[in-house]
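Read the structure below first, then the notes.
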Amino acid sequence: MQIPLDGLSHTALYTAWVRHEESLRPDPLFTDPLADFLVAAAGDHPALAAFITQMQDTSSGFPSYHVVRTRYFDDRIRYALDNGVRQVVALASGVDGRTTRLPCPRDTRWFELDLPAMTEFKTTLVEQSGLTPTCERIGVAADLRTDWAAPLRAAGFDPRRPTAWLVEGVLMYLTPDEGDALLDAVTALSAPGSHLLLEHLQVSMLGDRGTRVRGGLGKHGVVFTAARDDLEDWLGASGWRAAVHAGVDPAIGHGRSVAPVPAAWLAAATRAARAGR
């Protein structure tokens with residue numbers, strides 16, 4: 001069986017392919033049945049095959065980085081759930097399969113927010129896969145560049161409850177102002193005890209170091225528009241206490257070696273009782 005991929009995010013589909021490949025290893029850092037189903041159902045779709053080839057040609061570091069990034073956020077989401085959080089929001093969730101593979105307490109509600117086409121595709125994908133979500137999964141169709149908080153609330157999100165926010169693979173594609181607005185919105189919706197897990201691009205990737213990567217991605221309409229090296233201060237100004245790691249940091253690699261390009265930061269932050277500004 002093949003499924004239609006036209007018009008969907010190339011980067012989201014590539015990430016699913018990387019997670020599928022990781023699942024095939026004898027020593028996987030995770031397994032992802034939904035990614036396995038998607039790759040099998042996509043077959044040899046030319047758009048996906050072309051983007052995979054381009055990504056491999058652009059930087060051999062993409063697969064190892066994406067694998068370590070996935071495990072980093074897996075571990076920190078599980079930590080939040082183990083410490084009483086029962087509400088998760090994944091922004092620009094793409095085809096992320098965590099709701100079908102991470103163990104969740106029985107009363108966990110997991111909101112997956114993305115553009116309407118991706119949200120519809122994801123719901124169909126989960127249904128066709130036959131996989132049973134490990135929590136209550138709620139798809140929310142919204143654009144992060146507009147008022148996404150309103151449809152999130154309408155879907156049942158409760159800002160009075162601590163939340164684990166996942167912002168993976170998105171901030172580098174927003175403008176700096178849009179990134180600031182996203183952080184402001186997340187902060188306004190976060191009760192004390194919330195967790196914020198995010199990724200951002202290192203500034204060097206907008207210079208000479210990232211020329212090859214940007215050129216390869218640009219052929220598929222994928223453009224980096226923001227990067228920053230001050231995540232701890234940026235998050236701290238909004239009342240978040242953050243631990244920040246470079247993608248190559250052995251402390252988060254679980255024994256895997258990550259290539260230095262692409263260069264990105266991974267951050268895990270907790271919400272203080274009062275904002276810092």
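Chain labels follow the order of the structure tokens: the first chain is A, the next B, and so on; residue numbering restarts at 1 in every chain, and ligands are counted from 1 in their shown order.
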
Interface rows for range 46-136 of chain A against range 158-181 of chain A: nearest pair, Å to one decimal, 6 Å, only C-alpha atoms, as JSON lines:
{"residue": "A:Val85", "atom": "CA", "partner": "A:Pro162", "partner_atom": "CA", "distance": 5.8}
{"residue": "A:Gln87", "atom": "CA", "partner": "A:Thr163", "partner_atom": "CA", "distance": 4.9}
{"residue": "A:Val88", "atom": "CA", "partner": "A:Ala164", "partner_atom": "CA", "distance": 4.7}
{"residue": "A:Val89", "atom": "CA", "partner": "A:Trp165", "partner_atom": "CA", "distance": 4.9}
{"residue": "A:Ala90", "atom": "CA", "partner": "A:Leu166", "partner_atom": "CA", "distance": 4.6}
{"residue": "A:Leu91", "atom": "CA", "partner": "A:Val167", "partner_atom": "CA", "distance": 5.4}

Please write the residues from the selection above to a file, keeping all heavy atoms, as a PDB file, in the first residue's frame.
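The resulting file, result-v1.pdb, is shown below:
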ATOM      1  N   VAL A  85       3.708  15.178  35.336  1.00  0.00           N
ATOM      2  CA  VAL A  85       3.089  15.903  34.219  1.00  0.00           C
ATOM      3  C   VAL A  85       2.173  14.939  33.465  1.00  0.00           C
ATOM      4  O   VAL A  85       2.552  13.805  33.172  1.00  0.00           O
ATOM      5  CB  VAL A  85       4.173  16.473  33.271  1.00  0.00           C
ATOM      6  CG1 VAL A  85       3.532  17.047  32.012  1.00  0.00           C
ATOM      7  CG2 VAL A  85       4.980  17.547  33.990  1.00  0.00           C
ATOM      8  N   GLN A  87       0.141  16.324  30.748  1.00  0.00           N
ATOM      9  CA  GLN A  87      -0.285  17.073  29.572  1.00  0.00           C
ATOM     10  C   GLN A  87       0.953  17.388  28.734  1.00  0.00           C
ATOM     11  O   GLN A  87       1.893  18.014  29.227  1.00  0.00           O
ATOM     12  CB  GLN A  87      -0.975  18.363  30.017  1.00  0.00           C
ATOM     13  CG  GLN A  87      -1.643  19.161  28.923  1.00  0.00           C
ATOM     14  CD  GLN A  87      -2.558  20.233  29.494  1.00  0.00           C
ATOM     15  OE1 GLN A  87      -3.767  20.189  29.334  1.00  0.00           O
ATOM     16  NE2 GLN A  87      -1.988  21.210  30.188  1.00  0.00           N
ATOM     17  N   VAL A  88       0.969  16.918  27.498  1.00  0.00           N
ATOM     18  CA  VAL A  88       2.092  17.129  26.597  1.00  0.00           C
ATOM     19  C   VAL A  88       1.588  17.862  25.367  1.00  0.00           C
ATOM     20  O   VAL A  88       0.497  17.568  24.858  1.00  0.00           O
ATOM     21  CB  VAL A  88       2.737  15.791  26.167  1.00  0.00           C
ATOM     22  CG1 VAL A  88       3.939  16.027  25.255  1.00  0.00           C
ATOM     23  CG2 VAL A  88       3.139  14.971  27.385  1.00  0.00           C
ATOM     24  N   VAL A  89       2.368  18.835  24.886  1.00  0.00           N
ATOM     25  CA  VAL A  89       2.038  19.535  23.644  1.00  0.00           C
ATOM     26  C   VAL A  89       3.263  19.497  22.738  1.00  0.00           C
ATOM     27  O   VAL A  89       4.331  20.001  23.111  1.00  0.00           O
ATOM     28  CB  VAL A  89       1.623  20.998  23.883  1.00  0.00           C
ATOM     29  CG1 VAL A  89       1.324  21.685  22.545  1.00  0.00           C
ATOM     30  CG2 VAL A  89       0.414  21.074  24.798  1.00  0.00           C
ATOM     31  N   ALA A  90       3.124  18.899  21.574  1.00  0.00           N
ATOM     32  CA  ALA A  90       4.183  18.880  20.567  1.00  0.00           C
ATOM     33  C   ALA A  90       3.820  19.885  19.479  1.00  0.00           C
ATOM     34  O   ALA A  90       2.780  19.746  18.824  1.00  0.00           O
ATOM     35  CB  ALA A  90       4.344  17.490  19.974  1.00  0.00           C
ATOM     36  N   LEU A  91       4.654  20.912  19.314  1.00  0.00           N
ATOM     37  CA  LEU A  91       4.405  21.953  18.317  1.00  0.00           C
ATOM     38  C   LEU A  91       5.106  21.590  17.009  1.00  0.00           C
ATOM     39  O   LEU A  91       6.269  21.188  17.019  1.00  0.00           O
ATOM     40  CB  LEU A  91       4.906  23.301  18.833  1.00  0.00           C
ATOM     41  CG  LEU A  91       4.260  23.800  20.137  1.00  0.00           C
ATOM     42  CD1 LEU A  91       4.845  25.151  20.543  1.00  0.00           C
ATOM     43  CD2 LEU A  91       2.740  23.899  19.995  1.00  0.00           C
TER      44      LEU A  91
END

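In the backbone-derived DSSP annotation, strand (DSSP E or B) within range 187-277 of chain A comprises His195, Leu196, Leu197, Leu198, Glu199, His200, Leu201, Trp240, Arg241, Ala242, Ala243, Val244, His245, Ala246, Ala264, Trp265, Leu266, Ala267, Ala268, Ala269, Thr270 and Arg271 of chain A.
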
Q. Using only C-alpha atoms, which of the listed residues (A:Pro151, A:Pro133, A:Gly247, A:Gly207) sits closest to Asp114 in chain A?
A.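 Between A:Pro151, A:Pro133, A:Gly247, A:Gly207, the residue approaching Asp114 in chain A most closely is A:Pro151.
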
(Q) So the first atom is CA of Asp233 in chain A and the second is CA of Phe62 in chain A; what is the distance between them in Å, to one decimal place? (A) 27.1 Å

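Across A:Val261, A:Ala269, A:Ser64, A:Leu144, the tightest approach to Asp208 in chain A is made by A:Val261 when counting only C-alpha atoms.
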
Q. Which of these, A:Arg76, A:Ala272, A:Leu196, A:Leu201, has the shortest distance to Leu182 in chain A once you count only C-alpha atoms?
A. A:Leu196

Q: Name the residues in contact with Trp265 in chain A at a cut-off of 12 Å, using only C-alpha atoms, excluding same-chain residues fewer than 6 positions from it; report them as a ChimeraX atom specification.
A: /A:65,68-69,72,168-169,171-172,197-205,227-232,242-249,252

Written selection (N, CA, C and O atoms) as a short mmCIF file (atom, residue, chain, number, x, y, z; two decimals), in the first residue's frame:
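As a result, out.cif now contains:
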data_model
loop_
_atom_site.label_atom_id
_atom_site.label_comp_id
_atom_site.auth_asym_id
_atom_site.auth_seq_id
_atom_site.Cartn_x
_atom_site.Cartn_y
_atom_site.Cartn_z
N TYR A 65 22.79 12.87 14.22
CA TYR A 65 22.25 13.96 15.03
C TYR A 65 20.77 13.74 15.31
O TYR A 65 20.30 13.90 16.45
N VAL A 68 20.27 11.04 18.05
CA VAL A 68 20.58 11.52 19.40
C VAL A 68 19.53 12.53 19.86
O VAL A 68 19.10 12.52 21.01
N ARG A 69 19.11 13.41 18.96
CA ARG A 69 18.06 14.37 19.30
C ARG A 69 16.78 13.67 19.73
O ARG A 69 16.15 14.04 20.73
N TYR A 72 17.25 12.18 23.17
CA TYR A 72 17.32 13.26 24.16
C TYR A 72 15.92 13.69 24.59
O TYR A 72 15.61 13.78 25.79
N GLU A 168 10.52 20.74 18.59
CA GLU A 168 11.59 19.99 17.92
C GLU A 168 11.54 20.26 16.42
O GLU A 168 10.51 20.10 15.78
N GLY A 169 12.68 20.72 15.87
CA GLY A 169 12.76 20.89 14.43
C GLY A 169 11.90 22.00 13.87
O GLY A 169 11.38 21.87 12.75
N LEU A 171 12.13 25.87 15.35
CA LEU A 171 12.54 27.26 15.60
C LEU A 171 13.47 27.80 14.52
O LEU A 171 13.44 29.01 14.23
N MET A 172 14.28 26.96 13.92
CA MET A 172 15.20 27.45 12.88
C MET A 172 14.49 27.84 11.59
O MET A 172 15.06 28.48 10.73
N LEU A 197 11.03 21.64 26.22
CA LEU A 197 12.09 20.90 25.56
C LEU A 197 12.19 21.42 24.14
O LEU A 197 11.21 21.36 23.38
N LEU A 198 13.35 21.95 23.78
CA LEU A 198 13.43 22.55 22.45
C LEU A 198 14.81 22.40 21.83
O LEU A 198 15.80 22.13 22.51
N GLU A 199 14.81 22.61 20.54
CA GLU A 199 16.02 22.57 19.72
C GLU A 199 16.15 23.90 19.00
O GLU A 199 15.15 24.48 18.58
N HIS A 200 17.38 24.37 18.86
CA HIS A 200 17.61 25.53 18.01
C HIS A 200 18.94 25.38 17.29
O HIS A 200 19.82 24.62 17.71
N LEU A 201 19.07 26.09 16.22
CA LEU A 201 20.28 26.04 15.40
C LEU A 201 21.38 26.89 16.01
O LEU A 201 21.10 27.95 16.60
N GLN A 202 22.62 26.45 15.89
CA GLN A 202 23.74 27.29 16.30
C GLN A 202 23.98 28.37 15.25
O GLN A 202 23.80 28.15 14.05
N VAL A 203 24.40 29.54 15.70
CA VAL A 203 24.58 30.69 14.81
C VAL A 203 25.56 30.39 13.68
O VAL A 203 25.41 30.89 12.56
N SER A 204 26.55 29.55 13.94
CA SER A 204 27.55 29.24 12.91
C SER A 204 26.94 28.63 11.66
O SER A 204 27.50 28.73 10.57
N MET A 205 25.75 28.02 11.80
CA MET A 205 25.12 27.39 10.64
C MET A 205 24.53 28.40 9.66
O MET A 205 24.18 28.05 8.54
N ALA A 227 18.74 31.48 14.17
CA ALA A 227 19.65 30.69 15.00
C ALA A 227 20.03 31.55 16.20
O ALA A 227 19.94 32.77 16.14
N ARG A 228 20.45 30.91 17.29
CA ARG A 228 20.91 31.69 18.44
C ARG A 228 21.78 30.81 19.33
O ARG A 228 21.60 29.59 19.39
N ASP A 229 22.71 31.45 20.02
CA ASP A 229 23.64 30.75 20.90
C ASP A 229 23.43 31.11 22.38
O ASP A 229 24.26 30.76 23.22
N ASP A 230 22.33 31.77 22.68
CA ASP A 230 22.09 32.24 24.05
C ASP A 230 20.83 31.62 24.65
O ASP A 230 20.06 32.29 25.34
N LEU A 231 20.62 30.33 24.42
CA LEU A 231 19.36 29.72 24.84
C LEU A 231 19.12 29.83 26.35
O LEU A 231 18.00 30.07 26.78
N GLU A 232 20.16 29.65 27.14
CA GLU A 232 19.97 29.72 28.59
C GLU A 232 19.46 31.09 29.01
O GLU A 232 18.51 31.20 29.81
N ALA A 242 17.08 26.53 32.39
CA ALA A 242 17.40 25.60 31.30
C ALA A 242 18.77 24.96 31.46
O ALA A 242 19.72 25.57 31.95
N ALA A 243 18.86 23.71 31.03
CA ALA A 243 20.13 23.02 30.81
C ALA A 243 20.27 22.87 29.30
O ALA A 243 19.34 22.39 28.64
N VAL A 244 21.40 23.29 28.76
CA VAL A 244 21.59 23.33 27.31
C VAL A 244 22.78 22.46 26.93
O VAL A 244 23.84 22.52 27.56
N HIS A 245 22.61 21.66 25.89
CA HIS A 245 23.68 20.79 25.38
C HIS A 245 23.86 21.02 23.89
O HIS A 245 22.88 21.19 23.15
N ALA A 246 25.10 20.99 23.44
CA ALA A 246 25.37 20.94 22.00
C ALA A 246 25.02 19.54 21.50
O ALA A 246 25.12 18.55 22.24
N GLY A 247 24.61 19.45 20.25
CA GLY A 247 24.25 18.16 19.69
C GLY A 247 25.39 17.15 19.73
O GLY A 247 25.15 15.94 19.76
N VAL A 248 26.64 17.62 19.73
CA VAL A 248 27.80 16.73 19.74
C VAL A 248 28.24 16.34 21.14
O VAL A 248 29.21 15.58 21.29
N ASP A 249 27.58 16.83 22.18
CA ASP A 249 28.00 16.59 23.55
C ASP A 249 27.92 15.09 23.87
O ASP A 249 26.84 14.50 23.83
N ILE A 252 25.10 13.40 26.13
CA ILE A 252 23.74 13.06 25.70
C ILE A 252 23.74 12.05 24.56
O ILE A 252 22.69 11.73 24.01
#

Give me the range 93-162 of chain A side of the contact with range 30-35 of chain A, cut-off 12 Å, one line per residue showing its nearest atom pair and distance in Å at one decimal, counting only C-alpha atoms, sorted by chain and residue number, as a tab-separated table.
residue	atom	partner	partner_atom	distance
A:Gly94	CA	A:Ala35	CA	11.3
A:Val95	CA	A:Ala35	CA	7.8
A:Asp96	CA	A:Ala35	CA	7.9
A:Gly97	CA	A:Leu34	CA	5.4
A:Arg98	CA	A:Asp32	CA	7.8
A:Thr99	CA	A:Leu34	CA	9.4
A:Thr100	CA	A:Leu34	CA	7.1
A:Arg101	CA	A:Asp32	CA	6.5
A:Leu102	CA	A:Asp32	CA	9.4
A:Lys122	CA	A:Leu34	CA	10.1
A:Thr123	CA	A:Leu34	CA	11.6
A:Thr124	CA	A:Leu34	CA	11.7
A:Leu125	CA	A:Leu34	CA	8.1
A:Val126	CA	A:Leu34	CA	7.3
A:Glu127	CA	A:Leu34	CA	10.4
A:Gln128	CA	A:Leu34	CA	10.0
A:Ser129	CA	A:Leu34	CA	6.8
A:Gly130	CA	A:Leu34	CA	9.3
A:Leu131	CA	A:Leu34	CA	7.5
A:Thr132	CA	A:Leu34	CA	10.3
A:Pro133	CA	A:Leu34	CA	10.3

Q: Record the distance separating CA of Pro192 in chain A and CA of Ser238 in chain A, expressed in Å with one decimal.
A: 12.4 Å

Q.
When you look at Ile52 in chain A with a cut-off of 10 Å (counting only C-alpha atoms), what residues show up, excluding the ones that are within fewer than 5 positions of it in the same chain? I need them as number ranges by chain.
A. A: 10-11, 13-15, 17-18, 46-47, 57-58

Q: Considering only C-alpha atoms, return as a count of residues only whatever protein or nucleic-acid residues lie within 8 Å of Thr119 in chain A, sequence-local ones (same chain, fewer than 6 positions apart) excluded.
A: 6

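Taking only C-alpha atoms into account, Trp110 in chain A lies nearest to A:Cys135 out of the set A:Ala267, A:Ala16, A:Ala41, A:Cys135.
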
Excluding Leu29 in chain A and residues on its chain fewer than 2 positions from it, collect all residues at most 10 Å away from it, counting only C-alpha atoms, and give them as a compact mmCIF listing (two decimals) with N, CA, C and O atoms, in the first residue's frame.
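Now in selection_28.txt:
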# COMPACT_ATOMS: atom_id res chain seq x y z
N ARG A 19 14.39 7.61 11.84
CA ARG A 19 13.94 6.83 13.00
C ARG A 19 13.66 5.37 12.60
O ARG A 19 13.90 4.44 13.38
N GLU A 22 17.03 3.68 12.39
CA GLU A 22 17.55 3.41 13.72
C GLU A 22 16.91 2.15 14.30
O GLU A 22 17.57 1.34 14.97
N SER A 23 15.63 1.97 14.04
CA SER A 23 14.92 0.81 14.57
C SER A 23 15.49 -0.50 14.04
O SER A 23 15.31 -1.56 14.67
N ARG A 25 18.68 -1.21 13.61
CA ARG A 25 19.99 -1.51 14.17
C ARG A 25 19.89 -2.58 15.26
O ARG A 25 18.85 -2.70 15.92
N PRO A 26 20.97 -3.32 15.47
CA PRO A 26 20.95 -4.30 16.57
C PRO A 26 21.00 -3.66 17.94
O PRO A 26 20.67 -4.31 18.94
N ASP A 27 21.43 -2.38 17.99
CA ASP A 27 21.54 -1.67 19.28
C ASP A 27 20.82 -0.33 19.22
O ASP A 27 21.40 0.72 19.50
N THR A 31 12.99 2.44 19.23
CA THR A 31 12.31 1.85 18.07
C THR A 31 11.07 2.70 17.80
O THR A 31 10.52 3.32 18.71
N VAL A 67 19.10 11.01 15.46
CA VAL A 67 18.91 9.89 16.39
C VAL A 67 19.16 10.35 17.82
O VAL A 67 18.35 10.08 18.73
N VAL A 68 20.27 11.04 18.05
CA VAL A 68 20.58 11.52 19.40
C VAL A 68 19.53 12.53 19.86
O VAL A 68 19.10 12.52 21.01
N THR A 70 16.39 12.64 18.99
CA THR A 70 15.17 11.90 19.33
C THR A 70 15.27 11.30 20.72
O THR A 70 14.34 11.42 21.53
N ARG A 71 16.39 10.64 21.01
CA ARG A 71 16.54 10.00 22.33
C ARG A 71 16.59 11.05 23.44
O ARG A 71 16.05 10.83 24.54
N TYR A 72 17.25 12.18 23.17
CA TYR A 72 17.32 13.26 24.16
C TYR A 72 15.92 13.69 24.59
O TYR A 72 15.61 13.78 25.79
N ASP A 74 13.06 12.02 24.05
CA ASP A 74 12.38 10.88 24.65
C ASP A 74 12.63 10.82 26.16
O ASP A 74 11.70 10.69 26.96
N GLY A 253 24.92 11.55 24.19
CA GLY A 253 25.03 10.72 22.99
C GLY A 253 24.80 9.24 23.17
O GLY A 253 24.71 8.51 22.18
N HIS A 254 24.73 8.75 24.41
CA HIS A 254 24.54 7.32 24.66
C HIS A 254 25.55 6.48 23.87
O HIS A 254 25.21 5.42 23.31
N GLY A 255 26.77 6.98 23.80
CA GLY A 255 27.83 6.26 23.11
C GLY A 255 27.91 6.49 21.62
O GLY A 255 28.84 6.00 20.96
N ARG A 256 26.98 7.24 21.06
CA ARG A 256 27.01 7.54 19.64
C ARG A 256 27.87 8.78 19.37
O ARG A 256 27.85 9.74 20.15

Q) Excluding same-chain residues fewer than 5 positions from Leu115 in chain A, what lies within 8 Å of it counting only C-alpha atoms, as a VMD selection string? A) chain A and resid 92 141 to 143

Take the selection from the previous step and output its residues with N, CA and C atoms, as an mmCIF file, in the first residue's frame.
data_model
loop_
_atom_site.group_PDB
_atom_site.id
_atom_site.type_symbol
_atom_site.label_atom_id
_atom_site.label_comp_id
_atom_site.auth_asym_id
_atom_site.auth_seq_id
_atom_site.Cartn_x
_atom_site.Cartn_y
_atom_site.Cartn_z
ATOM 1 N N ALA A 92 4.397 21.742 15.887
ATOM 2 C CA ALA A 92 4.909 21.300 14.585
ATOM 3 C C ALA A 92 5.323 19.836 14.687
ATOM 4 N N ALA A 141 -5.125 21.360 14.444
ATOM 5 C CA ALA A 141 -4.711 22.020 13.206
ATOM 6 C C ALA A 141 -4.532 23.509 13.458
ATOM 7 N N ALA A 142 -3.304 23.998 13.295
ATOM 8 C CA ALA A 142 -3.022 25.416 13.537
ATOM 9 C C ALA A 142 -1.669 25.771 12.936
ATOM 10 N N ASP A 143 -1.472 27.056 12.686
ATOM 11 C CA ASP A 143 -0.226 27.592 12.157
ATOM 12 C C ASP A 143 0.490 28.326 13.281
#

Q: Check range 79-227 of chain A with DSSP on the backbone and list each residue it calls helix (DSSP H, G or I), as a VMD selection string.
A: chain A and resid 79 to 82 98 to 100 116 to 129 149 to 154 171 to 173 176 to 188 203 to 206 208 to 218
